[in-house]
$ cat upload11.pdb   # PDB, C-alpha atoms
ATOM      1  CA  MET B   6      55.331  13.536 -47.012
ATOM      2  CA  THR B   7      55.981  12.208 -43.577
ATOM      3  CA  GLY B   8      59.295  10.564 -43.024
ATOM      4  CA  THR B   9      60.149   9.605 -46.579
ATOM      5  CA  PRO B  10      63.758   9.479 -47.737
ATOM      6  CA  HIS B  11      65.742  12.197 -49.410
ATOM      7  CA  PRO B  12      64.347  12.412 -52.910
ATOM      8  CA  HIS B  13      67.713  12.285 -54.599
ATOM      9  CA  ASP B  14      69.655  10.011 -52.285
ATOM     10  CA  GLU B  15      70.116   6.657 -54.026
ATOM     11  CA  ARG B  16      70.952   4.847 -50.780
ATOM     12  CA  CYS B  17      67.733   6.066 -49.128
ATOM     13  CA  LEU B  18      65.750   5.013 -52.190
ATOM     14  CA  GLU B  19      67.307   1.559 -52.076
ATOM     15  CA  PHE B  20      66.236   1.102 -48.428
ATOM     16  CA  PHE B  21      62.853   2.687 -49.083
ATOM     17  CA  LYS B  22      62.069  -0.194 -51.459
ATOM     18  CA  LYS B  23      63.001  -2.858 -48.895
ATOM     19  CA  LEU B  24      61.343  -1.570 -45.737
ATOM     20  CA  SER B  25      58.325  -3.896 -45.861
ATOM     21  CA  GLU B  26      60.556  -6.932 -46.319
ATOM     22  CA  TYR B  27      62.613  -5.679 -43.374
ATOM     23  CA  ILE B  28      59.470  -5.314 -41.203
ATOM     24  CA  ASP B  29      58.344  -8.806 -42.237
ATOM     25  CA  GLU B  30      61.797 -10.284 -41.472
ATOM     26  CA  GLU B  31      62.113 -11.502 -45.042
ATOM     27  CA  LEU B  32      65.593 -10.090 -45.668
ATOM     28  CA  ASP B  33      68.914 -11.799 -45.071
ATOM     29  CA  GLU B  34      71.032 -10.760 -42.077
ATOM     30  CA  GLU B  35      73.404  -8.649 -44.139
ATOM     31  CA  SER B  36      70.580  -6.582 -45.672
ATOM     32  CA  CYS B  37      68.978  -6.134 -42.237
ATOM     33  CA  ARG B  38      72.267  -4.966 -40.769
ATOM     34  CA  LYS B  39      72.697  -2.422 -43.595
ATOM     35  CA  ILE B  40      69.212  -1.019 -43.051
ATOM     36  CA  GLU B  41      69.690  -0.797 -39.291
ATOM     37  CA  LYS B  42      73.000   1.000 -39.739
ATOM     38  CA  HIS B  43      71.501   3.368 -42.299
ATOM     39  CA  VAL B  44      68.466   4.367 -40.207
ATOM     40  CA  GLU B  45      70.708   5.038 -37.229
ATOM     41  CA  ASP B  46      72.278   7.881 -39.183
ATOM     42  CA  CYS B  47      69.317   8.948 -41.334
ATOM     43  CA  ALA B  48      66.435  10.509 -39.427
ATOM     44  CA  PRO B  49      64.014  10.730 -42.416
ATOM     45  CA  CYS B  50      64.507   7.019 -43.143
ATOM     46  CA  GLN B  51      64.026   6.193 -39.477
ATOM     47  CA  ALA B  52      60.781   8.187 -39.473
ATOM     48  CA  CYS B  53      59.736   6.371 -42.646
ATOM     49  CA  LEU B  54      60.437   2.972 -41.094
ATOM     50  CA  GLU B  55      58.667   3.772 -37.809
ATOM     51  CA  THR B  56      55.525   5.125 -39.506
ATOM     52  CA  LEU B  57      55.392   2.110 -41.821
ATOM     53  CA  LYS B  58      55.850  -0.251 -38.855
ATOM     54  CA  ALA B  59      53.063   1.517 -36.956
ATOM     55  CA  THR B  60      50.751   1.313 -39.983
ATOM     56  CA  THR B  61      51.383  -2.413 -40.349
ATOM     57  CA  GLY B  62      50.984  -2.998 -36.604
ATOM     58  CA  LEU B  63      47.662  -1.141 -36.532
ATOM     59  CA  CYS B  64      46.313  -3.252 -39.428
ATOM     60  CA  ARG B  65      47.283  -6.394 -37.539
ATOM     61  CA  ARG B  66      45.369  -5.192 -34.480
ATOM     62  CA  LEU B  67      42.054  -4.377 -36.187
ATOM     63  CA  LYS B  68      39.230  -6.213 -34.468
ATOM     64  CA  GLU B  69      36.653  -8.414 -36.178
ATOM     65  CA  LYS B  70      32.967  -7.492 -36.213
ATOM     66  CA  PRO B  71      30.451 -10.097 -35.045
ATOM     67  CA  VAL B  72      28.320 -11.840 -37.672
ATOM     68  CA  PRO B  73      24.790 -10.360 -37.748
ATOM     69  CA  ALA B  74      22.349 -12.843 -36.172
ATOM     70  CA  GLU B  75      20.194 -12.843 -39.315
ATOM     71  CA  LEU B  76      23.122 -13.873 -41.530
ATOM     72  CA  SER B  77      24.230 -16.505 -39.049
ATOM     73  CA  ASP B  78      20.712 -18.002 -39.014
ATOM     74  CA  ARG B  79      20.561 -17.950 -42.809
ATOM     75  CA  LEU B  80      23.927 -19.720 -43.066
ATOM     76  CA  LYS B  81      22.901 -22.309 -40.491
ATOM     77  CA  LYS B  82      19.709 -23.050 -42.436
ATOM     78  CA  MET B  83      21.616 -23.241 -45.731
ATOM     79  CA  ALA B  84      24.256 -25.582 -44.264
ATOM     80  CA  ARG B  85      21.605 -27.892 -42.779
ATOM     81  CA  GLU B  86      19.695 -28.036 -46.073
ATOM     82  CA  LEU B  87      22.896 -28.851 -47.970
ATOM     83  CA  ALA B  88      23.722 -31.571 -45.455
ATOM     84  CA  ILE B  89      20.405 -33.418 -45.917
TER      85      ILE B  89
ATOM     86  CA  MET X   6      47.401 -16.553 -20.428
ATOM     87  CA  SER X   7      49.051 -15.830 -23.772
ATOM     88  CA  THR X   8      48.927 -18.424 -26.576
ATOM     89  CA  ASN X   9      51.538 -19.090 -29.180
ATOM     90  CA  PRO X  10      49.872 -18.091 -32.502
ATOM     91  CA  ARG X  11      51.970 -20.590 -34.475
ATOM     92  CA  LYS X  12      50.950 -23.494 -32.183
ATOM     93  CA  SER X  13      47.357 -22.303 -32.199
ATOM     94  CA  SER X  14      47.372 -22.151 -36.017
ATOM     95  CA  THR X  15      48.770 -25.694 -36.224
ATOM     96  CA  ARG X  16      46.107 -26.947 -33.821
ATOM     97  CA  ASN X  17      43.342 -25.208 -35.807
ATOM     98  CA  ASN X  18      44.663 -26.788 -38.993
ATOM     99  CA  GLN X  19      44.655 -30.251 -37.368
ATOM    100  CA  ASN X  20      41.071 -29.677 -36.213
ATOM    101  CA  ASP X  21      40.085 -28.505 -39.702
ATOM    102  CA  THR X  22      41.741 -31.523 -41.294
ATOM    103  CA  GLU X  23      39.827 -33.936 -39.069
ATOM    104  CA  LEU X  24      36.521 -32.174 -39.689
ATOM    105  CA  VAL X  25      37.013 -31.865 -43.454
ATOM    106  CA  ARG X  26      38.101 -35.509 -43.779
ATOM    107  CA  ALA X  27      34.977 -36.557 -41.858
ATOM    108  CA  ILE X  28      32.756 -34.526 -44.214
ATOM    109  CA  GLN X  29      34.591 -35.957 -47.230
ATOM    110  CA  SER X  30      34.006 -39.471 -45.904
ATOM    111  CA  GLY X  31      30.252 -38.873 -45.954
ATOM    112  CA  GLN X  32      29.468 -37.223 -42.609
ATOM    113  CA  VAL X  33      27.932 -34.193 -44.345
ATOM    114  CA  ASP X  34      25.880 -33.442 -41.231
ATOM    115  CA  LEU X  35      29.140 -31.945 -39.899
ATOM    116  CA  PHE X  36      29.119 -29.238 -42.600
ATOM    117  CA  PRO X  37      27.191 -26.738 -40.400
ATOM    118  CA  GLU X  38      30.080 -27.003 -37.905
ATOM    119  CA  LEU X  39      32.531 -25.956 -40.612
ATOM    120  CA  VAL X  40      30.285 -23.006 -41.493
ATOM    121  CA  LEU X  41      30.076 -21.955 -37.866
ATOM    122  CA  ARG X  42      33.858 -22.190 -37.533
ATOM    123  CA  TYR X  43      34.564 -19.792 -40.415
ATOM    124  CA  GLU X  44      31.490 -17.552 -40.772
ATOM    125  CA  ARG X  45      33.001 -14.756 -38.701
ATOM    126  CA  LYS X  46      36.369 -14.794 -40.500
ATOM    127  CA  LEU X  47      34.701 -14.792 -43.923
ATOM    128  CA  TYR X  48      32.182 -12.107 -42.993
ATOM    129  CA  ASN X  49      34.975  -9.783 -41.907
ATOM    130  CA  PHE X  50      36.983 -10.623 -45.043
ATOM    131  CA  GLY X  51      33.852  -9.792 -47.053
ATOM    132  CA  LEU X  52      33.325  -6.496 -45.224
ATOM    133  CA  ARG X  53      36.886  -5.430 -46.029
ATOM    134  CA  MET X  54      36.733  -6.510 -49.655
ATOM    135  CA  CYS X  55      33.215  -5.395 -50.621
ATOM    136  CA  ARG X  56      31.729  -1.968 -50.568
ATOM    137  CA  ASP X  57      28.533  -2.855 -48.805
ATOM    138  CA  VAL X  58      27.233  -5.236 -46.186
ATOM    139  CA  ASN X  59      24.869  -7.062 -48.577
ATOM    140  CA  ASP X  60      27.768  -7.916 -50.887
ATOM    141  CA  ALA X  61      29.794  -9.110 -47.890
ATOM    142  CA  GLU X  62      26.919 -11.360 -46.815
ATOM    143  CA  ASP X  63      26.553 -12.717 -50.363
ATOM    144  CA  LEU X  64      30.277 -13.411 -50.440
ATOM    145  CA  VAL X  65      30.049 -15.525 -47.275
ATOM    146  CA  GLN X  66      27.051 -17.462 -48.554
ATOM    147  CA  ASP X  67      28.470 -18.046 -52.070
ATOM    148  CA  THR X  68      31.817 -19.117 -50.617
ATOM    149  CA  PHE X  69      30.222 -21.771 -48.404
ATOM    150  CA  LEU X  70      28.054 -22.995 -51.298
ATOM    151  CA  ASN X  71      31.222 -23.461 -53.358
ATOM    152  CA  VAL X  72      33.029 -25.120 -50.465
ATOM    153  CA  PHE X  73      30.218 -27.656 -50.156
ATOM    154  CA  LYS X  74      30.160 -28.219 -53.915
ATOM    155  CA  TYR X  75      33.906 -28.788 -54.271
ATOM    156  CA  ILE X  76      34.945 -30.152 -50.867
ATOM    157  CA  ASN X  77      35.472 -33.692 -52.151
ATOM    158  CA  GLY X  78      38.054 -32.303 -54.578
ATOM    159  CA  PHE X  79      40.102 -30.745 -51.762
ATOM    160  CA  ARG X  80      43.255 -32.881 -51.496
ATOM    161  CA  HIS X  81      44.754 -31.446 -48.265
ATOM    162  CA  GLU X  82      47.844 -30.272 -50.154
ATOM    163  CA  ALA X  83      47.360 -26.846 -48.540
ATOM    164  CA  LYS X  84      45.679 -25.921 -45.246
ATOM    165  CA  PHE X  85      41.891 -25.959 -45.475
ATOM    166  CA  LYS X  86      41.826 -22.295 -44.431
ATOM    167  CA  ASN X  87      44.020 -21.351 -47.416
ATOM    168  CA  TRP X  88      41.760 -23.262 -49.810
ATOM    169  CA  LEU X  89      38.725 -21.554 -48.257
ATOM    170  CA  TYR X  90      40.234 -18.091 -48.834
ATOM    171  CA  LYS X  91      41.152 -19.040 -52.387
ATOM    172  CA  ILE X  92      37.469 -19.737 -53.006
ATOM    173  CA  ALA X  93      36.401 -16.553 -51.179
ATOM    174  CA  THR X  94      38.861 -14.511 -53.235
ATOM    175  CA  SER X  95      37.609 -16.002 -56.454
ATOM    176  CA  VAL X  96      33.967 -15.277 -55.452
ATOM    177  CA  CYS X  97      34.995 -11.726 -54.617
ATOM    178  CA  LEU X  98      36.758 -11.174 -57.968
ATOM    179  CA  LYS X  99      33.811 -12.678 -59.866
ATOM    180  CA  LYS X 100      31.407 -10.287 -58.115
ATOM    181  CA  ARG X 101      33.637  -7.381 -59.003
ATOM    182  CA  ARG X 102      33.652  -8.370 -62.678
ATOM    183  CA  GLN X 103      29.853  -8.677 -62.649
ATOM    184  CA  LYS X 104      29.488  -5.195 -61.174
ATOM    185  CA  LYS X 105      31.740  -3.678 -63.851
ATOM    186  CA  TYR X 106      33.625  -1.395 -61.532
ATOM    187  CA  GLU X 107      35.996   1.213 -62.905
ATOM    188  CA  PRO X 108      39.397  -0.055 -64.161
ATOM    189  CA  GLU X 109      42.031  -0.806 -61.520
ATOM    190  CA  ARG X 110      44.242   2.054 -60.440
ATOM    191  CA  THR X 111      47.958   1.333 -60.177
ATOM    192  CA  LEU X 112      49.886   2.640 -57.184
ATOM    193  CA  SER X 113      53.449   3.747 -57.759
ATOM    194  CA  LEU X 114      56.132   4.028 -55.084
ATOM    195  CA  GLU X 115      57.106   7.346 -56.653
ATOM    196  CA  ASP X 116      53.789   8.752 -55.410
ATOM    197  CA  PHE X 117      54.973   8.269 -51.855
ATOM    198  CA  LEU X 118      58.292  10.064 -52.209
ATOM    199  CA  PRO X 119      58.602  13.704 -51.170
ATOM    200  CA  ARG X 120      58.621  16.079 -54.122
ATOM    201  CA  ASP X 121      61.173  18.367 -52.501
ATOM    202  CA  GLU X 122      63.150  19.024 -49.319
ATOM    203  CA  ALA X 123      60.264  21.004 -47.816
ATOM    204  CA  GLU X 124      58.018  17.921 -47.889
ATOM    205  CA  MET X 125      60.525  15.844 -45.994
ATOM    206  CA  VAL X 126      59.954  15.176 -42.303
ATOM    207  CA  ARG X 127      63.100  14.503 -40.357
ATOM    208  CA  GLN X 128      61.627  13.255 -37.128
ATOM    209  CA  THR X 129      59.346  10.324 -36.313
ATOM    210  CA  PRO X 130      55.868  11.782 -35.617
ATOM    211  CA  ASP X 131      54.353  11.204 -32.176
ATOM    212  CA  TRP X 132      51.672   8.823 -33.430
ATOM    213  CA  ALA X 133      54.302   6.332 -34.577
ATOM    214  CA  THR X 134      55.989   6.259 -31.180
ATOM    215  CA  ILE X 135      52.929   5.501 -29.013
ATOM    216  CA  PRO X 136      52.264   1.838 -28.085
ATOM    217  CA  LEU X 137      49.836   0.600 -30.738
ATOM    218  CA  ASP X 138      47.308  -0.897 -28.326
ATOM    219  CA  GLN X 139      47.098   2.513 -26.683
ATOM    220  CA  LEU X 140      46.834   4.326 -30.019
ATOM    221  CA  LEU X 141      44.160   2.156 -31.648
ATOM    222  CA  ASN X 142      40.749   3.422 -30.571
ATOM    223  CA  GLU X 143      37.409   3.067 -32.360
ATOM    224  CA  GLU X 144      37.821   6.293 -34.331
ATOM    225  CA  LEU X 145      41.251   5.302 -35.623
ATOM    226  CA  ALA X 146      39.989   1.794 -36.491
ATOM    227  CA  ASP X 147      37.189   3.414 -38.531
ATOM    228  CA  GLN X 148      39.736   5.631 -40.315
ATOM    229  CA  LEU X 149      41.938   2.668 -41.087
ATOM    230  CA  ASN X 150      39.017   0.567 -42.357
ATOM    231  CA  THR X 151      37.962   3.476 -44.603
ATOM    232  CA  ALA X 152      41.544   3.730 -45.894
ATOM    233  CA  ILE X 153      41.623  -0.028 -46.597
ATOM    234  CA  HIS X 154      38.396   0.355 -48.612
ATOM    235  CA  ALA X 155      40.013   3.177 -50.579
ATOM    236  CA  LEU X 156      42.876   0.903 -51.704
ATOM    237  CA  PRO X 157      42.563  -0.276 -55.314
ATOM    238  CA  PRO X 158      41.252  -3.907 -55.099
ATOM    239  CA  LYS X 159      44.405  -5.756 -56.152
ATOM    240  CA  TYR X 160      46.373  -3.994 -53.393
ATOM    241  CA  ARG X 161      43.499  -4.344 -50.910
ATOM    242  CA  LEU X 162      43.396  -8.111 -51.405
ATOM    243  CA  VAL X 163      47.092  -8.466 -50.639
ATOM    244  CA  SER X 164      46.954  -6.051 -47.711
ATOM    245  CA  VAL X 165      43.964  -7.838 -46.151
ATOM    246  CA  LEU X 166      45.378 -11.338 -46.659
ATOM    247  CA  ARG X 167      48.848 -10.445 -45.371
ATOM    248  CA  ASP X 168      48.348  -7.831 -42.666
ATOM    249  CA  ILE X 169      44.859  -8.621 -41.399
ATOM    250  CA  GLU X 170      44.251 -12.310 -42.052
ATOM    251  CA  GLY X 171      47.885 -13.122 -41.263
ATOM    252  CA  PHE X 172      48.780 -15.283 -44.279
ATOM    253  CA  SER X 173      52.470 -15.499 -45.181
ATOM    254  CA  THR X 174      53.859 -14.126 -48.442
ATOM    255  CA  SER X 175      53.973 -17.583 -50.052
ATOM    256  CA  GLU X 176      50.476 -18.517 -48.826
ATOM    257  CA  THR X 177      49.095 -15.244 -50.203
ATOM    258  CA  ALA X 178      50.853 -15.885 -53.512
ATOM    259  CA  ARG X 179      49.203 -19.313 -53.761
ATOM    260  CA  ILE X 180      45.762 -17.985 -52.781
ATOM    261  CA  LEU X 181      45.938 -15.279 -55.441
ATOM    262  CA  ASP X 182      47.872 -17.272 -58.062
ATOM    263  CA  ILE X 183      50.555 -14.605 -58.343
ATOM    264  CA  SER X 184      54.288 -14.665 -57.581
ATOM    265  CA  SER X 185      55.719 -13.946 -54.118
ATOM    266  CA  THR X 186      57.572 -11.003 -55.633
ATOM    267  CA  ASN X 187      54.280  -9.581 -56.836
ATOM    268  CA  VAL X 188      52.762 -10.034 -53.354
ATOM    269  CA  LYS X 189      55.678  -8.120 -51.821
ATOM    270  CA  VAL X 190      55.451  -5.297 -54.366
ATOM    271  CA  ARG X 191      51.694  -4.856 -53.888
ATOM    272  CA  LEU X 192      51.928  -5.087 -50.107
ATOM    273  CA  HIS X 193      54.690  -2.479 -49.919
ATOM    274  CA  ARG X 194      52.681  -0.008 -52.008
ATOM    275  CA  ALA X 195      49.492  -0.745 -50.075
ATOM    276  CA  ARG X 196      51.248  -0.059 -46.779
ATOM    277  CA  PHE X 197      52.566   3.273 -48.041
ATOM    278  CA  PHE X 198      49.080   4.191 -49.243
ATOM    279  CA  LEU X 199      47.620   3.410 -45.800
ATOM    280  CA  ARG X 200      50.464   5.225 -44.089
ATOM    281  CA  GLU X 201      49.668   8.376 -46.085
ATOM    282  CA  GLU X 202      46.009   8.121 -45.062
ATOM    283  CA  LEU X 203      46.994   7.751 -41.394
ATOM    284  CA  LYS X 204      49.435  10.631 -41.694
ATOM    285  CA  ASN X 205      46.699  12.873 -43.115
ATOM    286  CA  TYR X 206      44.349  11.817 -40.341
ATOM    287  CA  PHE X 207      46.826  12.609 -37.586
ATOM    288  CA  GLU X 208      48.018  15.851 -39.183
ATOM    289  CA  HIS X 209      44.710  17.307 -40.327
ATOM    290  CA  ASP X 210      41.645  15.542 -38.940
ATOM    291  CA  ARG X 211      42.795  14.980 -35.404
ATOM    292  CA  ASN X 212      45.131  16.601 -32.932
ATOM    293  CA  THR X 213      48.428  14.733 -32.704
ATOM    294  CA  PRO X 214      48.070  12.359 -29.756
ATOM    295  CA  SER X 215      50.437  12.470 -26.863
ATOM    296  CA  ALA X 216      51.593   9.528 -24.801
ATOM    297  CA  ARG X 217      49.178   9.118 -21.905
TER     298      ARG X 217
END
$ encode --input "upload11.pdb" --output "structure tokens"
Amino acid sequence: MTGTPHPHDERCLEFFKKLSEYIDEELDEESCRKIEKHVEDCAPCQACLETLKATTGLCRRLKEKPVPAELSDRLKKMARELAI
Amino acid sequence: MSTNPRKSSTRNNQNDTELVRAIQSGQVDLFPELVLRYERKLYNFGLRMCRDVNDAEDLVQDTFLNVFKYINGFRHEAKFKNWLYKIATSVCLKKRRQKKYEPERTLSLEDFLPRDEAEMVRQTPDWATIPLDQLLNEELADQLNTAIHALPPKYRLVSVLRDIEGFSTSETARILDISSTNVKVRLHRARFFLREELKNYFEHDRNTPSAR
């Protein structure tokens, strides 16, 4: 698997579980500092973090599709009828 | 000119509050404006949550019918948008129960760990180093949307609400009536699931991109 931690390294596993919270800035400063220090020295964990960050970033950039005109017309009609 | 998303969200909420209060006070002729304001957001939420376009369209329509029915009971304790998504989520879950889909699959973090040293990659792959706006083309967006559809529904809901709709952990927890811890657990597993799908796409279905 791409960029996942050492299977038997407890420290990597501990960080592996917290990476989303780290990306979302939901961890305290001390935990963030520990993760940053760890990934500096652990290439598989760094790869894991970067691929997870990219995945999250791509989701956040997905564009919306326009509403089909037929649905929009139907909704408009429904809303007007409800409002009478 | 760039806009501050937090300020923009606050402004939208103020606008929603004014409009909803007006409708609650009897100006129901303003309801079509509320529909127009959220039809696109809900349609896209429906497309991500349902398997086909007709179901997505039904979800939008049923959600607005419920909003109209219950709007006088909305007490402005949460943002209107959050209440709207709570209704949309409940419509979505009800539809799923009616369709009697297969039982929910549970994702385990163990599934995303390498089985041995040979499976471990020690270097960040190229695709995760390219600026995301440069990386995200139509083909990749299609792949990612397909991967989101492949997520088991309880993980898909959290992933869509958090990473696509932009709700916070606590807002998502309130929309889904689950704990924040549960939101975090589901989101983490969902992200690893999607990451695996992207990894497979870049390694097998497409040549690894290079920075242009």
$ interface_residues --input "upload11.pdb" --of "chain X" --to "chain B" --cutoff "6 Å" --atoms "only C-alpha atoms" --output "ChimeraX atom specification"
/X:33-34,37,45,118-119,124-129,133,168-169,193,200
$ residues_around --input "upload11.pdb" --residues "Asp21 of chain X" --least-positions-apart "4" --cutoff "12 Å" --atoms "only C-alpha atoms" --output "list of chain:residue names"
X:Ser14, X:Thr15, X:Arg16, X:Asn17, X:Val25, X:Arg26, X:Ala27, X:Ile28, X:Gln29, X:Leu35, X:Phe36, X:Glu38, X:Leu39, X:Val40, X:Arg42, X:Tyr43, X:His81, X:Ala83, X:Lys84, X:Phe85, X:Lys86, X:Asn87, X:Trp88, X:Leu89
$ closest_residue --input "upload11.pdb" --among "X:Asn205, X:Phe198, X:Lys91, X:Leu114" --to "Phe172 of chain X" --atoms "only C-alpha atoms"
X:Lys91
$ atom_distance --input "upload11.pdb" --atom1 "atom CA of Asp63 of chain X" --atom2 "atom CA of Asn49 of chain X"
12.3 Å
$ resolve_selection --input "upload11.pdb" --expression "the PyMOL selection byres ((chain X and resi 64) around 10)" --output "list in words"
Leu47, Tyr48, Phe50, Gly51, Leu52, Met54, Cys55, Val58, Asn59, Asp60, Ala61, Glu62, Asp63, Val65, Gln66, Asp67, Thr68, Phe69, Leu70, Ile92, Ala93, Thr94, Ser95, Val96, Cys97 and Lys100 of chain X
$ atom_distance --input "upload11.pdb" --atom1 "atom CA of Ala155 of chain X" --atom2 "atom CA of Glu19 of chain B"
27.4 Å
$ atom_distance --input "upload11.pdb" --atom1 "atom CA of Gly171 of chain X" --atom2 "atom CA of Asn18 of chain X"
14.2 Å
$ resolve_selection --input "upload11.pdb" --expression "the PyMOL selection byres ((chain X and resi 147) around 12)" --output "ChimeraX atom specification"
/B:63-64,67-68,70 /X:53,141-146,148-154,202-203,206
$ build_atoms --input "upload11.pdb" --residues "segment 111-123 of chain X" --atoms "N, CA and C atoms" --output "PDB file, in the coordinates of the input"
ATOM      1  N   THR X 111      46.660   1.870 -60.580  1.00  0.00           N
ATOM      2  CA  THR X 111      47.958   1.333 -60.177  1.00  0.00           C
ATOM      3  C   THR X 111      48.632   2.314 -59.226  1.00  0.00           C
ATOM      4  N   LEU X 112      49.150   1.788 -58.121  1.00  0.00           N
ATOM      5  CA  LEU X 112      49.886   2.640 -57.184  1.00  0.00           C
ATOM      6  C   LEU X 112      51.365   2.581 -57.540  1.00  0.00           C
ATOM      7  N   SER X 113      52.017   3.713 -57.483  1.00  0.00           N
ATOM      8  CA  SER X 113      53.449   3.747 -57.759  1.00  0.00           C
ATOM      9  C   SER X 113      54.190   4.204 -56.504  1.00  0.00           C
ATOM     10  N   LEU X 114      55.342   3.609 -56.263  1.00  0.00           N
ATOM     11  CA  LEU X 114      56.132   4.028 -55.084  1.00  0.00           C
ATOM     12  C   LEU X 114      56.545   5.492 -55.187  1.00  0.00           C
ATOM     13  N   GLU X 115      56.712   5.941 -56.420  1.00  0.00           N
ATOM     14  CA  GLU X 115      57.106   7.346 -56.653  1.00  0.00           C
ATOM     15  C   GLU X 115      56.102   8.314 -56.004  1.00  0.00           C
ATOM     16  N   ASP X 116      54.830   7.883 -55.978  1.00  0.00           N
ATOM     17  CA  ASP X 116      53.789   8.752 -55.410  1.00  0.00           C
ATOM     18  C   ASP X 116      54.017   9.016 -53.923  1.00  0.00           C
ATOM     19  N   PHE X 117      54.791   8.147 -53.299  1.00  0.00           N
ATOM     20  CA  PHE X 117      54.973   8.269 -51.855  1.00  0.00           C
ATOM     21  C   PHE X 117      56.316   8.897 -51.479  1.00  0.00           C
ATOM     22  N   LEU X 118      57.024   9.374 -52.481  1.00  0.00           N
ATOM     23  CA  LEU X 118      58.292  10.064 -52.209  1.00  0.00           C
ATOM     24  C   LEU X 118      58.041  11.565 -52.103  1.00  0.00           C
ATOM     25  N   PRO X 119      58.793  12.253 -51.256  1.00  0.00           N
ATOM     26  CA  PRO X 119      58.602  13.704 -51.170  1.00  0.00           C
ATOM     27  C   PRO X 119      59.034  14.367 -52.473  1.00  0.00           C
ATOM     28  N   ARG X 120      58.280  15.405 -52.861  1.00  0.00           N
ATOM     29  CA  ARG X 120      58.621  16.079 -54.122  1.00  0.00           C
ATOM     30  C   ARG X 120      59.837  16.990 -53.957  1.00  0.00           C
ATOM     31  N   ASP X 121      60.011  17.500 -52.743  1.00  0.00           N
ATOM     32  CA  ASP X 121      61.173  18.367 -52.501  1.00  0.00           C
ATOM     33  C   ASP X 121      61.569  18.312 -51.023  1.00  0.00           C
ATOM     34  N   GLU X 122      62.624  19.026 -50.704  1.00  0.00           N
ATOM     35  CA  GLU X 122      63.150  19.024 -49.319  1.00  0.00           C
ATOM     36  C   GLU X 122      62.098  19.486 -48.304  1.00  0.00           C
ATOM     37  N   ALA X 123      61.252  20.440 -48.740  1.00  0.00           N
ATOM     38  CA  ALA X 123      60.264  21.004 -47.816  1.00  0.00           C
ATOM     39  C   ALA X 123      59.245  19.948 -47.380  1.00  0.00           C
TER      40      ALA X 123
END
